[in-house]
>>> print(open('start39.pdb').read())   # PDB, C-alpha atoms
MODEL        1
ATOM      1  CA  MET A 270    -109.501 232.715 187.740
ATOM      2  CA  MET A 271    -109.026 229.553 185.625
ATOM      3  CA  VAL A 272    -107.702 226.341 187.183
ATOM      4  CA  PRO A 273    -103.872 226.161 186.989
ATOM      5  CA  VAL A 274    -102.623 223.954 184.168
ATOM      6  CA  ARG A 275    -100.016 222.222 186.328
ATOM      7  CA  CYS A 276     -99.488 221.476 189.980
ATOM      8  CA  PHE A 277     -97.303 224.237 191.433
ATOM      9  CA  THR A 278     -95.156 221.786 193.379
ATOM     10  CA  CYS A 279     -94.557 218.719 191.222
ATOM     11  CA  GLY A 280     -95.580 219.855 187.740
ATOM     12  CA  LYS A 281     -98.212 217.188 187.061
ATOM     13  CA  VAL A 282    -100.829 218.407 184.582
ATOM     14  CA  VAL A 283    -104.005 218.796 186.683
ATOM     15  CA  GLY A 284    -106.025 221.260 184.568
ATOM     16  CA  GLU A 285    -107.849 218.577 182.605
ATOM     17  CA  HIS A 286    -109.255 217.053 185.807
ATOM     18  CA  TRP A 287    -110.995 220.212 186.982
ATOM     19  CA  GLU A 288    -114.200 219.944 184.950
ATOM     20  CA  PRO A 289    -114.955 216.290 185.807
ATOM     21  CA  PHE A 290    -113.954 216.956 189.427
ATOM     22  CA  GLU A 291    -116.284 219.942 189.758
ATOM     23  CA  ALA A 292    -119.193 218.158 188.053
ATOM     24  CA  ARG A 293    -118.889 215.005 190.140
ATOM     25  CA  VAL A 294    -118.544 216.841 193.456
ATOM     26  CA  GLU A 295    -121.605 218.889 192.502
ATOM     27  CA  ASP A 296    -123.471 215.590 192.046
ATOM     28  CA  GLY A 297    -122.709 214.736 195.634
ATOM     29  CA  GLU A 298    -119.703 212.424 195.332
ATOM     30  CA  ASP A 299    -117.012 212.564 197.982
ATOM     31  CA  PRO A 300    -114.191 214.817 196.688
ATOM     32  CA  ALA A 301    -111.530 212.420 198.031
ATOM     33  CA  ASP A 302    -112.998 209.478 196.096
ATOM     34  CA  VAL A 303    -113.261 211.571 192.935
ATOM     35  CA  LEU A 304    -109.588 212.621 193.178
ATOM     36  CA  ASP A 305    -108.509 209.003 193.750
ATOM     37  CA  ASP A 306    -110.537 207.943 190.737
ATOM     38  CA  LEU A 307    -109.032 210.691 188.537
ATOM     39  CA  GLY A 308    -105.532 209.553 189.497
ATOM     40  CA  VAL A 309    -104.630 212.712 191.402
ATOM     41  CA  ASP A 310    -102.726 210.938 194.177
ATOM     42  CA  ARG A 311    -100.226 213.337 195.729
ATOM     43  CA  HIS A 312    -101.475 215.892 198.202
ATOM     44  CA  CYS A 313     -99.694 218.706 196.327
ATOM     45  CA  CYS A 314    -101.815 218.000 193.236
ATOM     46  CA  ARG A 315    -104.986 217.398 195.246
ATOM     47  CA  ARG A 316    -104.851 220.805 196.866
ATOM     48  CA  MET A 317    -104.692 222.423 193.405
ATOM     49  CA  LEU A 318    -108.225 221.157 192.680
ATOM     50  CA  VAL A 319    -109.685 221.195 196.188
ATOM     51  CA  SER A 320    -108.719 224.815 196.833
ATOM     52  CA  HIS A 321    -109.561 226.170 193.390
ATOM     53  CA  SER A 322    -112.360 228.621 192.770
ATOM     54  CA  ASP A 323    -113.412 229.719 189.278
ATOM     55  CA  LEU A 324    -113.574 233.519 189.008
ATOM     56  CA  VAL A 325    -114.212 233.991 185.296
ATOM     57  CA  ASP A 326    -117.950 234.489 185.870
ATOM     58  CA  ILE A 327    -117.267 237.048 188.586
ATOM     59  CA  VAL A 328    -114.854 239.252 186.629
ATOM     60  CA  ALA A 329    -116.547 238.875 183.214
ATOM     61  CA  PRO A 330    -119.030 241.797 183.686
ATOM     62  CA  TYR A 331    -116.176 244.229 184.353
ATOM     63  CA  GLN A 332    -114.384 243.637 181.074
TER
ATOM     64  CA  MET B 159     -67.900 201.034 186.487
ATOM     65  CA  SER B 160     -68.249 197.895 184.419
ATOM     66  CA  ALA B 161     -70.189 195.682 186.842
ATOM     67  CA  ALA B 162     -73.349 194.105 185.471
ATOM     68  CA  TYR B 163     -76.616 195.799 186.200
ATOM     69  CA  ASP B 164     -80.116 194.482 186.036
ATOM     70  CA  VAL B 165     -83.523 196.102 185.497
ATOM     71  CA  ALA B 166     -86.923 194.685 186.483
ATOM     72  CA  PHE B 167     -90.260 196.438 186.096
ATOM     73  CA  ILE B 168     -92.746 196.452 188.969
ATOM     74  CA  ASP B 169     -95.434 198.646 187.410
ATOM     75  CA  ARG B 170     -95.322 199.612 183.791
ATOM     76  CA  ASP B 171     -97.483 202.126 182.047
ATOM     77  CA  ASP B 172     -96.881 204.676 179.313
ATOM     78  CA  ARG B 173     -96.728 207.598 181.696
ATOM     79  CA  ASP B 174     -96.150 206.030 185.085
ATOM     80  CA  ALA B 175     -93.788 203.209 185.943
ATOM     81  CA  ARG B 176     -91.785 201.677 188.744
ATOM     82  CA  PHE B 177     -88.686 199.630 188.111
ATOM     83  CA  LEU B 178     -85.886 198.090 190.086
ATOM     84  CA  VAL B 179     -82.271 198.614 189.075
ATOM     85  CA  ARG B 180     -79.565 196.508 190.699
ATOM     86  CA  GLY B 181     -75.849 196.978 190.582
ATOM     87  CA  ILE B 182     -75.602 200.758 190.367
ATOM     88  CA  THR B 183     -74.118 203.140 192.924
ATOM     89  CA  PRO B 184     -76.219 205.740 194.764
ATOM     90  CA  ALA B 185     -74.355 208.465 192.851
ATOM     91  CA  PHE B 186     -75.280 206.934 189.519
ATOM     92  CA  ALA B 187     -78.907 206.468 190.576
ATOM     93  CA  ASN B 188     -79.092 210.130 191.493
ATOM     94  CA  GLY B 189     -77.381 211.029 188.226
ATOM     95  CA  ILE B 190     -80.138 209.280 186.292
ATOM     96  CA  ARG B 191     -82.809 210.982 188.377
ATOM     97  CA  ARG B 192     -81.303 214.409 187.827
ATOM     98  CA  ALA B 193     -80.861 213.798 184.111
ATOM     99  CA  MET B 194     -84.544 212.807 183.846
ATOM    100  CA  VAL B 195     -85.617 216.037 185.512
ATOM    101  CA  ALA B 196     -83.182 218.541 184.040
ATOM    102  CA  ASP B 197     -81.443 217.182 180.946
ATOM    103  CA  VAL B 198     -84.081 215.569 178.755
ATOM    104  CA  PRO B 199     -85.395 218.172 176.314
ATOM    105  CA  THR B 200     -89.099 218.527 175.590
ATOM    106  CA  LEU B 201     -91.058 220.791 173.292
ATOM    107  CA  SER B 202     -93.038 223.673 174.828
ATOM    108  CA  ILE B 203     -94.667 226.862 173.681
ATOM    109  CA  ASP B 204     -92.216 229.688 174.286
ATOM    110  CA  THR B 205     -93.316 232.709 172.261
ATOM    111  CA  VAL B 206     -96.917 233.746 171.708
ATOM    112  CA  ARG B 207     -98.129 236.296 169.185
ATOM    113  CA  VAL B 208    -101.552 237.522 170.240
ATOM    114  CA  VAL B 209    -103.796 238.415 167.311
ATOM    115  CA  GLU B 210    -106.885 239.016 169.383
ATOM    116  CA  ASN B 211    -107.541 238.553 173.073
ATOM    117  CA  SER B 212    -110.785 239.932 174.426
ATOM    118  CA  SER B 213    -110.970 237.351 177.223
ATOM    119  CA  VAL B 214    -110.866 238.190 180.930
ATOM    120  CA  MET B 215    -107.184 237.255 181.174
ATOM    121  CA  PHE B 216    -104.138 239.254 180.204
ATOM    122  CA  ASP B 217    -102.039 238.174 177.202
ATOM    123  CA  GLU B 218     -99.189 237.206 179.545
ATOM    124  CA  GLN B 219    -101.413 234.929 181.598
ATOM    125  CA  ILE B 220    -102.694 233.209 178.459
ATOM    126  CA  GLY B 221     -99.102 232.857 177.256
ATOM    127  CA  HIS B 222     -98.070 231.278 180.537
ATOM    128  CA  ARG B 223    -100.949 228.813 180.484
ATOM    129  CA  LEU B 224    -100.158 227.820 176.901
ATOM    130  CA  GLY B 225     -96.517 227.304 177.845
ATOM    131  CA  MET B 226     -97.434 224.822 180.576
ATOM    132  CA  VAL B 227     -99.365 222.534 178.192
ATOM    133  CA  PRO B 228     -97.242 219.434 177.485
ATOM    134  CA  LEU B 229     -96.635 218.749 173.796
ATOM    135  CA  SER B 230     -95.784 215.299 172.557
ATOM    136  CA  ALA B 231     -93.262 214.919 169.770
ATOM    137  CA  PRO B 232     -91.165 211.979 168.581
ATOM    138  CA  PRO B 233     -87.759 211.955 170.309
ATOM    139  CA  ASN B 234     -84.795 213.365 168.368
ATOM    140  CA  GLU B 235     -87.127 214.892 165.767
ATOM    141  CA  PHE B 236     -86.087 218.459 166.604
ATOM    142  CA  GLU B 237     -82.814 220.166 167.416
ATOM    143  CA  SER B 238     -82.385 222.205 170.554
ATOM    144  CA  GLY B 239     -83.917 225.638 170.123
ATOM    145  CA  LYS B 240     -86.010 224.567 167.127
ATOM    146  CA  GLY B 241     -89.715 223.841 167.032
ATOM    147  CA  VAL B 242     -93.001 224.226 165.212
ATOM    148  CA  ARG B 243     -95.797 226.785 165.095
ATOM    149  CA  LEU B 244     -99.160 226.252 166.744
ATOM    150  CA  ALA B 245    -102.330 228.273 166.277
ATOM    151  CA  LEU B 246    -105.411 228.666 168.434
ATOM    152  CA  ASP B 247    -108.616 230.428 167.419
ATOM    153  CA  VAL B 248    -111.720 230.140 169.576
ATOM    154  CA  SER B 249    -114.739 232.443 169.754
ATOM    155  CA  GLY B 250    -117.080 232.656 172.739
ATOM    156  CA  PRO B 251    -119.303 231.548 174.236
ATOM    157  CA  ASP B 252    -116.974 228.542 174.457
ATOM    158  CA  THR B 253    -113.962 227.339 176.368
ATOM    159  CA  ALA B 254    -110.583 227.248 174.666
ATOM    160  CA  TYR B 255    -108.944 223.879 175.375
ATOM    161  CA  SER B 256    -105.406 222.727 174.744
ATOM    162  CA  GLY B 257    -106.900 220.339 172.159
ATOM    163  CA  ASP B 258    -107.939 223.370 170.063
ATOM    164  CA  LEU B 259    -104.272 224.072 169.325
ATOM    165  CA  VAL B 260    -103.614 223.369 165.650
ATOM    166  CA  SER B 261    -100.069 222.361 164.792
ATOM    167  CA  SER B 262     -98.173 223.199 161.608
ATOM    168  CA  ASP B 263     -96.446 219.801 161.835
ATOM    169  CA  ALA B 264     -98.644 216.767 162.452
ATOM    170  CA  VAL B 265     -96.027 214.994 164.592
ATOM    171  CA  VAL B 266     -96.413 217.602 167.341
ATOM    172  CA  GLU B 267     -99.659 217.670 169.268
ATOM    173  CA  PRO B 268    -100.805 218.536 172.804
ATOM    174  CA  ALA B 269    -100.341 215.527 175.090
ATOM    175  CA  GLU B 270    -103.575 216.463 176.870
ATOM    176  CA  ASP B 271    -106.576 217.667 174.896
ATOM    177  CA  ASN B 272    -108.825 218.717 177.763
ATOM    178  CA  VAL B 273    -106.820 221.329 179.643
ATOM    179  CA  PRO B 274    -108.953 224.468 179.789
ATOM    180  CA  ILE B 275    -106.965 227.529 178.711
ATOM    181  CA  ILE B 276    -109.640 230.191 179.130
ATOM    182  CA  GLU B 277    -113.404 230.333 179.316
ATOM    183  CA  LEU B 278    -114.776 232.777 176.769
ATOM    184  CA  LYS B 279    -118.094 234.602 177.163
ATOM    185  CA  GLU B 280    -120.405 235.917 174.441
ATOM    186  CA  GLY B 281    -118.497 238.217 172.089
ATOM    187  CA  GLN B 282    -115.050 237.305 173.420
ATOM    188  CA  ARG B 283    -112.418 235.806 171.180
ATOM    189  CA  LEU B 284    -108.932 234.416 171.503
ATOM    190  CA  GLU B 285    -106.659 234.082 168.519
ATOM    191  CA  VAL B 286    -102.967 233.405 169.035
ATOM    192  CA  GLU B 287    -100.005 232.023 167.160
ATOM    193  CA  ALA B 288     -97.389 230.284 169.229
ATOM    194  CA  GLU B 289     -93.826 229.213 168.556
ATOM    195  CA  THR B 290     -92.535 226.118 170.310
ATOM    196  CA  VAL B 291     -88.975 225.562 171.431
ATOM    197  CA  LEU B 292     -87.087 222.409 172.354
ATOM    198  CA  ASP B 293     -85.261 222.979 175.616
ATOM    199  CA  THR B 294     -84.404 221.247 178.894
ATOM    200  CA  GLY B 295     -85.825 221.426 182.403
ATOM    201  CA  LYS B 296     -82.743 223.402 183.416
ATOM    202  CA  SER B 297     -84.015 226.481 181.614
ATOM    203  CA  HIS B 298     -87.702 226.295 182.536
ATOM    204  CA  ALA B 299     -89.875 223.822 184.456
ATOM    205  CA  LYS B 300     -92.287 223.603 181.499
ATOM    206  CA  HIS B 301     -89.575 221.678 179.599
ATOM    207  CA  GLN B 302     -89.324 219.106 182.372
ATOM    208  CA  GLY B 303     -90.419 215.739 181.005
ATOM    209  CA  GLY B 304     -90.337 213.869 184.316
ATOM    210  CA  VAL B 305     -92.771 214.711 187.072
ATOM    211  CA  ALA B 306     -91.921 213.808 190.682
ATOM    212  CA  VAL B 307     -89.167 211.392 189.680
ATOM    213  CA  GLY B 308     -87.579 209.597 192.603
ATOM    214  CA  TYR B 309     -86.044 206.413 193.881
ATOM    215  CA  ARG B 310     -85.857 204.369 197.069
ATOM    216  CA  HIS B 311     -83.675 201.574 198.257
ATOM    217  CA  LEU B 312     -85.046 198.092 197.781
ATOM    218  CA  GLN B 313     -85.649 196.679 201.257
ATOM    219  CA  THR B 314     -85.562 193.268 202.848
ATOM    220  CA  VAL B 315     -87.617 192.230 205.837
ATOM    221  CA  GLU B 316     -86.261 189.619 208.193
ATOM    222  CA  VAL B 317     -88.278 187.963 210.931
ATOM    223  CA  VAL B 318     -86.115 188.147 214.042
ATOM    224  CA  GLY B 319     -88.545 186.622 216.536
ATOM    225  CA  ASP B 320     -92.026 186.723 217.966
ATOM    226  CA  ARG B 321     -93.689 189.892 219.117
ATOM    227  CA  GLU B 322     -93.965 190.096 222.899
ATOM    228  CA  GLU B 323     -97.221 188.653 224.121
ATOM    229  CA  PHE B 324     -98.521 191.844 225.710
ATOM    230  CA  ALA B 325     -96.861 194.326 223.339
ATOM    231  CA  ASP B 326     -99.002 197.159 221.947
ATOM    232  CA  GLU B 327    -100.626 196.453 218.603
ATOM    233  CA  GLU B 328     -98.782 199.222 216.797
ATOM    234  CA  PRO B 329     -98.675 199.486 213.011
ATOM    235  CA  ASN B 330     -95.257 199.144 211.390
ATOM    236  CA  ILE B 331     -95.503 201.421 208.371
ATOM    237  CA  LEU B 332     -93.235 200.876 205.390
ATOM    238  CA  ARG B 333     -93.196 202.451 201.920
ATOM    239  CA  GLY B 334     -91.659 201.284 198.708
ATOM    240  CA  VAL B 335     -90.904 197.742 197.652
ATOM    241  CA  ILE B 336     -89.602 194.818 199.667
ATOM    242  CA  GLU B 337     -87.839 191.709 198.498
ATOM    243  CA  ASP B 338     -88.985 188.458 199.998
ATOM    244  CA  ASP B 339     -87.278 185.212 198.866
ATOM    245  CA  GLY B 340     -86.342 186.823 195.566
ATOM    246  CA  GLU B 341     -89.912 188.019 195.027
ATOM    247  CA  LEU B 342     -90.613 191.751 194.729
ATOM    248  CA  VAL B 343     -93.581 192.859 196.826
ATOM    249  CA  PRO B 344     -94.844 196.460 196.577
ATOM    250  CA  ALA B 345     -95.837 197.806 200.008
ATOM    251  CA  GLU B 346     -99.398 198.502 198.738
ATOM    252  CA  GLU B 347    -100.021 194.749 198.792
ATOM    253  CA  PHE B 348    -100.028 194.721 202.575
ATOM    254  CA  ASP B 349    -101.462 198.242 202.931
ATOM    255  CA  HIS B 350     -98.019 199.655 203.822
ATOM    256  CA  ASP B 351     -98.204 197.934 207.214
ATOM    257  CA  LEU B 352     -95.741 195.141 207.993
ATOM    258  CA  THR B 353     -97.938 193.827 210.816
ATOM    259  CA  ASN B 354    -100.424 192.749 208.126
ATOM    260  CA  ARG B 355     -97.818 190.635 206.371
ATOM    261  CA  TYR B 356     -96.013 189.290 209.451
ATOM    262  CA  PRO B 357     -98.660 189.183 212.180
ATOM    263  CA  GLY B 358     -97.279 188.565 215.661
ATOM    264  CA  LYS B 359     -93.652 188.730 214.515
ATOM    265  CA  GLU B 360     -90.773 191.003 215.351
ATOM    266  CA  VAL B 361     -89.152 192.145 212.089
ATOM    267  CA  ALA B 362     -85.994 193.951 211.044
ATOM    268  CA  VAL B 363     -86.010 196.038 207.851
ATOM    269  CA  GLU B 364     -82.800 196.571 205.932
ATOM    270  CA  ASP B 365     -81.850 198.318 202.707
ATOM    271  CA  VAL B 366     -80.432 196.157 199.934
ATOM    272  CA  PRO B 367     -77.121 197.731 198.890
ATOM    273  CA  ASN B 368     -76.974 199.165 195.358
ATOM    274  CA  ALA B 369     -80.545 198.239 194.477
ATOM    275  CA  PHE B 370     -82.879 201.131 193.706
ATOM    276  CA  VAL B 371     -86.573 201.264 192.944
ATOM    277  CA  PHE B 372     -87.244 204.198 190.626
ATOM    278  CA  HIS B 373     -90.631 205.780 190.369
ATOM    279  CA  VAL B 374     -90.976 207.691 187.115
ATOM    280  CA  GLU B 375     -93.969 209.686 186.006
ATOM    281  CA  THR B 376     -94.020 211.838 182.881
ATOM    282  CA  ASP B 377     -96.166 214.792 181.885
ATOM    283  CA  GLY B 378     -97.149 213.060 178.636
ATOM    284  CA  SER B 379     -94.609 214.673 176.334
ATOM    285  CA  LEU B 380     -92.537 211.485 176.434
ATOM    286  CA  THR B 381     -93.238 207.913 177.452
ATOM    287  CA  VAL B 382     -91.427 206.568 180.509
ATOM    288  CA  GLU B 383     -89.222 204.443 178.278
ATOM    289  CA  GLU B 384     -88.221 207.391 176.100
ATOM    290  CA  LEU B 385     -87.535 209.531 179.145
ATOM    291  CA  VAL B 386     -85.310 207.013 180.920
ATOM    292  CA  THR B 387     -83.313 206.053 177.845
ATOM    293  CA  ALA B 388     -82.869 209.711 176.877
ATOM    294  CA  ALA B 389     -81.655 210.475 180.423
ATOM    295  CA  VAL B 390     -79.120 207.637 180.355
ATOM    296  CA  ASP B 391     -77.992 208.694 176.868
ATOM    297  CA  SER B 392     -77.428 212.251 178.050
ATOM    298  CA  LEU B 393     -75.337 210.970 180.975
ATOM    299  CA  GLU B 394     -73.285 208.855 178.611
ATOM    300  CA  ALA B 395     -72.803 211.748 176.208
ATOM    301  CA  ARG B 396     -71.537 213.946 179.050
ATOM    302  CA  ALA B 397     -69.196 211.242 180.302
ATOM    303  CA  ASN B 398     -67.760 210.810 176.793
ATOM    304  CA  GLU B 399     -67.359 214.551 176.454
ATOM    305  CA  LEU B 400     -65.409 214.649 179.706
ATOM    306  CA  LYS B 401     -63.265 211.707 178.630
ATOM    307  CA  GLU B 402     -62.310 213.451 175.418
ATOM    308  CA  ALA B 403     -61.739 216.761 177.113
ATOM    309  CA  VAL B 404     -59.212 215.406 179.625
ATOM    310  CA  GLN B 405     -57.269 213.189 177.242
ATOM    311  CA  LEU B 406     -53.616 214.083 177.007
TER
ENDMDL
END
>>> encode(input="start39.pdb", output="structure tokens")
Amino acid sequence: MMVPVRCFTCGKVVGEHWEPFEARVEDGEDPADVLDDLGVDRHCCRRMLVSHSDLVDIVAPYQ
Amino acid sequence: MSAAYDVAFIDRDDRDARFLVRGITPAFANGIRRAMVADVPTLSIDTVRVVENSSVMFDEQIGHRLGMVPLSAPPNEFESGKGVRLALDVSGPDTAYSGDLVSSDAVVEPAEDNVPIIELKEGQRLEVEAETVLDTGKSHAKHQGGVAVGYRHLQTVEVVGDREEFADEEPNILRGVIEDDGELVPAEEFDHDLTNRYPGKEVAVEDVPNAFVFHVETDGSLTVEELVTAAVDSLEARANELKEAVQL
């Protein structure tokens, strides 16, 4: 559904990085470089963004 | 323990810092770490009254997401269990962000303004009132001010000889901070590889006794300085409590 607010493992707030991350990867930047630039350093936090998929658009018609 | 201790910063930022502490025991270092994680209270949303929620998420999910948003407040402003009221009212098509939370008391505000809470489509609306509570990381991880707090020994590197002429060129990986002639060198400076700093040398790495390099990161509800001092204060308060309790 929506991106988790915090990293499940360490508790760092990662939600605010999702929109810039998605937009920049869409523009063709390397996801690893984008995460480094956003300051998401630990691999626990990185997987939160890398493995996320937004489902709001998919479930919205069935409200 | 009355021996002198000494603190030196290696990196210093509001939310992320590394500092060296000398002259403390491993038990005390771990005590500080644990106090930072579990004993420093922070403000978080705890109760949510949902006025209207026609979004694609359940009330409970929205409540959970709101609870995870870090709130910054001046230290010692609130008593344990007390807090303020926050309100959120967003109509679609729009995304409700943590920055849309309106506080009844101007000293409390979300530490991050751009955390998406829920994306709202045409005709959807989210209106909630939330009560915040001051509590510690012991009761819920959302009250944890410190994120991934840890420490390592300070290390020294000694050159013990030359590397054998035909030895394999293997990297010698090292993390943390080393001390070289009284100078503190973070391992990033030589790309975490001792062969970059001491090419062609055989080295021995040793821990410096009772010297710890803390790495402290906060979720934004407190600054590093506030978090560390509050943790040490809570340790001191507990030690005093024990001292009084066992007096004859």
>>> resolve_selection(input="start39.pdb", expression="the ChimeraX specification (/B :<6) & /A", output="ChimeraX atom specification")
/A:279-281,284-285
>>> resolve_selection(input="start39.pdb", expression="the PyMOL selection byres ((chain A and resi 311) around 12)", output="count of residues only")
22
>>> residues_around(input="start39.pdb", residues="segment 323-329 of chain B", least_positions_apart="5", cutoff="9 Å", atoms="all atoms listed in the file", output="ChimeraX atom specification")
/B:351-354,358
>>> atom_distance(input="start39.pdb", atom1="atom CA of Glu288 of chain A", atom2="atom CA of Gln219 of chain B")
20.0 Å
>>> atom_distance(input="start39.pdb", atom1="atom CA of Phe290 of chain A", atom2="atom CA of Val274 of chain A")
14.3 Å
>>> resolve_selection(input="start39.pdb", expression="the PyMOL selection byres ((chain A and resi 271) around 7)", output="number ranges by chain")
A: 270, 272-273, 323-325; B: 276
>>> closest_residue(input="start39.pdb", among="B:Ser379, B:Thr183, B:Asn234, B:Thr205", to="His301 of chain B", atoms="all atoms listed in the file")
B:Ser379
>>> atom_distance(input="start39.pdb", atom1="atom CA of Ile220 of chain B", atom2="atom CA of Val260 of chain B")
16.2 Å
>>> residues_around(input="start39.pdb", residues="Glu210 of chain B", least_positions_apart="4", cutoff="8 Å", atoms="all atoms listed in the file", output="ChimeraX atom specification")
/B:283-286
